[in-house]
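Trainee: Let me give you the structure first, and then I'll get to my questions.
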Amino acid sequence: MRKATVFTLGVALCAFSFVGGARAQNDSGALEITARITPTAGRPEPVRQFTFYILSRSYSEIVKEVEEKDPIPPRDQFIDNLKISPELRAWLKGHDTLDLTDPDIDRLLTPDDILNIPEFLRAYQRSNSGGVTKGLPKPKYTEDDKTEHPEKYEKLKQEYLVSLKKFIRSNPATVSGIELEFEGVNPQRKWVALQNDRRTRVQRVAPDIAQLKFLAAKADTDLEGRASLPALAPGDYWISTLNLHADSGDMRVRWDVPVKIEHGKTTRVELSNLNSIDAHGSTP
C-alpha cells in the first residue's frame, strides 16, 4: 500500500512538471532573424557568424543616456578655458565659428578686429611680412621703448595702428590668407579633440551598460545569415548590434530594430539596408 502511494505521488509530480514545462513553453515566444546587406550595385549578402543582441531598451537610447551623463561643456565655457587673449574670447563668443583656419575667415574680420585682437594682429603681420606686401606700414617703436620711454611708445604705437587701419581698408586683399597663421591658436582643433575623447568614452561604456542592464538574449547568425531564439518572454525588445557594424562592399551598417514578442508565437524579422543605421555617419 505504501509503495503504491509513493508511485502515485511520483506520477503526479512528473505530470505537474510536464504541465508546468509545457505552460512555460506556451507562455514564451520565439524570434527568428535573417540578416542581409546589399552593397551598391550588388546582390544581397548574408551577414555570417555575427552576434545580435536582444535588448529590453533601444541601444540608441542607452547611448543617449551615457552621453547625458558625460556632457560636452557649453561653447562659452569651452572658450573661457582656452589660453587666449580676452579680446579673442569675446570675438569667438560673438561669432558662430571656432575654426580660425577656415579659408573664409577673412570675411568675418574687420580692420578693428585685426588691430584690437592680439592674435589677429600678429597673424596679419606675419602673413604680410618679408616684403611681400608693398606699402605696408611698419612700427617705429620697440619693446624697449615700452619700459624706457612709455609715452613715446604709446604715441608711436597709436600712429602705427592708425596708419595700419587705413592701409587695411585700402587693401582688403591683404587679409586673404591670414587663416594660414592661425594653426597654433585654432580653437577648433581642441574642440574636435574634446568631442573625439568623449565619443571614445561613450563607445567604451555604452556596450557594457547595454549588456549588464538590458540584455535579454543574444544569438549568432549561421552561414546563411540566420539566427533563432526559441524562448523569449513576451514583451518589447530591440535587435541590436551595439556599436559593432556589419559590412559588405561599400556598405557598413548597424541595427537597432524594435520587435514585439507575443505568447506562443514566432516573430520573424528581416534585417537589411532599409532598417539599418549607416555606420559611416552614425554615433556609437
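Going through the C-alpha cells in order, the chains are called A, B, and so on, while each chain numbers its residues from 1 and the ligands are numbered from 1 in the order shown.
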Write out as JSON, numbers by chain all residues of range 188-282 of chain A that backbone DSSP assigns to helix (DSSP H, G or I).

Mentor: {"A": [188, 189, 190, 191, 192, 193, 194, 195, 196, 197, 198, 199, 200, 201, 202, 203, 204, 205, 206, 207, 208, 209, 210, 211, 212, 213, 273, 274, 275]}

Trainee: Can you pull out every residue within 12 Å of range 187-203 of chain A, counting only C-alpha atoms, but drop anything in the same chain fewer than 4 positions away, and send it as a ChimeraX atom specification?

Mentor: /A:59-60,62-84,88-89,92-93,96-102,182-183,207-210,242-244,282-284

Trainee: Pick out the closest residue to Tyr141 in chain A from this set: A:Asp250, A:Glu159, A:Glu270, A:Glu87. Count only C-alpha atoms.

Mentor: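 With only C-alpha atoms as the atom set, the closest residue is A:Glu159.
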
Trainee: Separation of CA of Lys146 in chain A and CA of Tyr124 in chain A, in Å?

Mentor: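 Between CA of Lys146 in chain A and CA of Tyr124 in chain A the gap is 21.8 Å.
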
Trainee: Counting only C-alpha atoms, which of A:Asp112, A:Ala41, A:Asn273, A:Asp247 gets nearest to Lys165 in chain A?

Mentor: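 Using only C-alpha atoms, Lys165 in chain A sits closest to A:Asp112.
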
Trainee: Could you name the residues that touch Ser56 in chain A at 12 Å or less, counting only C-alpha atoms, but leaving out those on the same chain fewer than 6 positions away, as a list in words?

Mentor: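 Residues meeting the cut-off are Ile62, Ala210, Gln211, Leu212, Lys213, Phe214, Leu215, Ala216, Ala217, Lys218, Leu232, Ala233, Pro234, Gly235, Asp236, Tyr237, Trp238, Ile239, Ser240, Asp256, Val257, Pro258, Val259, Lys260 and Ile261 of chain A.
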
Trainee: Take the residues from that selection and write them out as a PDB file, in the first residue's frame, keeping N, CA and C atoms.

Mentor:
```pdb
ATOM      1  N   ILE A  62      20.187  54.078 -24.955  1.00  0.00           N
ATOM      2  CA  ILE A  62      21.244  53.802 -23.974  1.00  0.00           C
ATOM      3  C   ILE A  62      22.424  54.733 -24.217  1.00  0.00           C
ATOM      4  N   ALA A 210      24.662  48.279 -21.806  1.00  0.00           N
ATOM      5  CA  ALA A 210      23.610  47.575 -22.544  1.00  0.00           C
ATOM      6  C   ALA A 210      23.550  46.110 -22.147  1.00  0.00           C
ATOM      7  N   GLN A 211      24.711  45.478 -22.004  1.00  0.00           N
ATOM      8  CA  GLN A 211      24.732  44.046 -21.685  1.00  0.00           C
ATOM      9  C   GLN A 211      24.483  43.767 -20.203  1.00  0.00           C
ATOM     10  N   LEU A 212      24.923  44.667 -19.345  1.00  0.00           N
ATOM     11  CA  LEU A 212      24.736  44.450 -17.914  1.00  0.00           C
ATOM     12  C   LEU A 212      23.299  44.697 -17.460  1.00  0.00           C
ATOM     13  N   LYS A 213      22.642  45.713 -18.065  1.00  0.00           N
ATOM     14  CA  LYS A 213      21.326  46.120 -17.580  1.00  0.00           C
ATOM     15  C   LYS A 213      20.163  45.715 -18.478  1.00  0.00           C
ATOM     16  N   PHE A 214      20.399  45.569 -19.770  1.00  0.00           N
ATOM     17  CA  PHE A 214      19.267  45.438 -20.687  1.00  0.00           C
ATOM     18  C   PHE A 214      19.331  44.214 -21.598  1.00  0.00           C
ATOM     19  N   LEU A 215      20.300  43.339 -21.409  1.00  0.00           N
ATOM     20  CA  LEU A 215      20.424  42.175 -22.287  1.00  0.00           C
ATOM     21  C   LEU A 215      19.429  41.086 -21.909  1.00  0.00           C
ATOM     22  N   ALA A 216      18.585  40.682 -22.879  1.00  0.00           N
ATOM     23  CA  ALA A 216      17.638  39.586 -22.670  1.00  0.00           C
ATOM     24  C   ALA A 216      18.173  38.290 -23.247  1.00  0.00           C
ATOM     25  N   ALA A 217      18.869  38.380 -24.366  1.00  0.00           N
ATOM     26  CA  ALA A 217      19.432  37.196 -25.015  1.00  0.00           C
ATOM     27  C   ALA A 217      20.367  37.658 -26.123  1.00  0.00           C
ATOM     28  N   LYS A 218      21.107  36.723 -26.675  1.00  0.00           N
ATOM     29  CA  LYS A 218      21.915  37.024 -27.843  1.00  0.00           C
ATOM     30  C   LYS A 218      22.062  35.762 -28.686  1.00  0.00           C
ATOM     31  N   LEU A 232      11.646  33.363 -25.694  1.00  0.00           N
ATOM     32  CA  LEU A 232      11.794  34.722 -25.162  1.00  0.00           C
ATOM     33  C   LEU A 232      10.508  35.107 -24.454  1.00  0.00           C
ATOM     34  N   ALA A 233      10.633  35.732 -23.302  1.00  0.00           N
ATOM     35  CA  ALA A 233       9.443  36.190 -22.595  1.00  0.00           C
ATOM     36  C   ALA A 233       8.731  37.246 -23.438  1.00  0.00           C
ATOM     37  N   PRO A 234       7.427  37.222 -23.485  1.00  0.00           N
ATOM     38  CA  PRO A 234       6.683  38.213 -24.268  1.00  0.00           C
ATOM     39  C   PRO A 234       7.039  39.640 -23.827  1.00  0.00           C
ATOM     40  N   GLY A 235       7.102  40.543 -24.788  1.00  0.00           N
ATOM     41  CA  GLY A 235       7.417  41.926 -24.474  1.00  0.00           C
ATOM     42  C   GLY A 235       8.030  42.640 -25.659  1.00  0.00           C
ATOM     43  N   ASP A 236       8.428  43.875 -25.418  1.00  0.00           N
ATOM     44  CA  ASP A 236       9.049  44.703 -26.460  1.00  0.00           C
ATOM     45  C   ASP A 236      10.563  44.644 -26.321  1.00  0.00           C
ATOM     46  N   TYR A 237      11.231  44.398 -27.449  1.00  0.00           N
ATOM     47  CA  TYR A 237      12.694  44.284 -27.461  1.00  0.00           C
ATOM     48  C   TYR A 237      13.260  45.085 -28.628  1.00  0.00           C
ATOM     49  N   TRP A 238      14.598  45.147 -28.648  1.00  0.00           N
ATOM     50  CA  TRP A 238      15.306  45.732 -29.783  1.00  0.00           C
ATOM     51  C   TRP A 238      16.403  44.767 -30.215  1.00  0.00           C
ATOM     52  N   ILE A 239      16.479  44.518 -31.506  1.00  0.00           N
ATOM     53  CA  ILE A 239      17.560  43.706 -32.068  1.00  0.00           C
ATOM     54  C   ILE A 239      18.706  44.659 -32.371  1.00  0.00           C
ATOM     55  N   SER A 240      19.821  44.465 -31.686  1.00  0.00           N
ATOM     56  CA  SER A 240      20.899  45.449 -31.755  1.00  0.00           C
ATOM     57  C   SER A 240      22.239  44.786 -32.079  1.00  0.00           C
ATOM     58  N   ASP A 256      19.369  48.607 -34.889  1.00  0.00           N
ATOM     59  CA  ASP A 256      18.720  48.857 -33.599  1.00  0.00           C
ATOM     60  C   ASP A 256      17.212  48.831 -33.886  1.00  0.00           C
ATOM     61  N   VAL A 257      16.699  47.624 -34.114  1.00  0.00           N
ATOM     62  CA  VAL A 257      15.357  47.440 -34.671  1.00  0.00           C
ATOM     63  C   VAL A 257      14.389  46.952 -33.595  1.00  0.00           C
ATOM     64  N   PRO A 258      13.266  47.631 -33.400  1.00  0.00           N
ATOM     65  CA  PRO A 258      12.280  47.184 -32.403  1.00  0.00           C
ATOM     66  C   PRO A 258      11.549  45.930 -32.863  1.00  0.00           C
ATOM     67  N   VAL A 259      11.210  45.073 -31.900  1.00  0.00           N
ATOM     68  CA  VAL A 259      10.464  43.852 -32.204  1.00  0.00           C
ATOM     69  C   VAL A 259       9.576  43.511 -31.011  1.00  0.00           C
ATOM     70  N   LYS A 260       8.400  42.992 -31.283  1.00  0.00           N
ATOM     71  CA  LYS A 260       7.458  42.626 -30.218  1.00  0.00           C
ATOM     72  C   LYS A 260       7.305  41.106 -30.205  1.00  0.00           C
ATOM     73  N   ILE A 261       7.535  40.501 -29.051  1.00  0.00           N
ATOM     74  CA  ILE A 261       7.384  39.057 -28.877  1.00  0.00           C
ATOM     75  C   ILE A 261       6.050  38.778 -28.195  1.00  0.00           C
TER      76      ILE A 261
END
```

Trainee: Contacts of Thr221 in chain A at 7 Å or less, counting only C-alpha atoms, minus same-chain residues fewer than 4 places along, as a short mmCIF file (atom, residue, chain, number, x, y, z; two decimals) with C-alpha atoms, in the first residue's frame?

Mentor:
```cif
data_model
loop_
_atom_site.label_atom_id
_atom_site.label_comp_id
_atom_site.auth_asym_id
_atom_site.auth_seq_id
_atom_site.Cartn_x
_atom_site.Cartn_y
_atom_site.Cartn_z
CA ARG A 48 27.50 35.47 -41.47
CA GLN A 49 28.60 34.47 -37.96
CA PHE A 50 27.61 37.80 -36.46
CA THR A 51 26.28 38.34 -32.94
CA GLY A 225 22.73 34.95 -42.04
CA ARG A 226 20.03 33.35 -39.90
CA ALA A 227 19.71 33.22 -36.11
#
```

Trainee: Give the strand (DSSP E) residues of range 12-198 of chain A, as assigned by DSSP on the backbone, as a PyMOL selection string.

Mentor: chain A and resi 29-37+45-46+51-55

Trainee: Would you save the residues from that selection as a compact mmCIF listing (two decimals), in the first residue's frame, using C-alpha atoms?

Mentor:
```
# COMPACT_ATOMS: atom_id res chain seq x y z
CA GLY A 29 7.59 33.35 -27.83
CA ALA A 30 10.24 32.72 -30.46
CA LEU A 31 12.32 35.03 -32.62
CA GLU A 32 13.86 34.25 -35.99
CA ILE A 33 16.28 36.70 -37.58
CA THR A 34 17.53 36.91 -41.15
CA ALA A 35 20.24 39.49 -41.82
CA ARG A 36 21.43 40.57 -45.25
CA ILE A 37 23.31 43.57 -46.64
CA GLU A 45 24.71 39.02 -48.99
CA PRO A 46 24.07 37.17 -45.71
CA THR A 51 26.28 38.34 -32.94
CA PHE A 52 22.94 40.05 -32.44
CA TYR A 53 21.91 41.31 -29.01
CA ILE A 54 18.28 41.31 -27.88
CA LEU A 55 17.85 44.28 -25.57
```
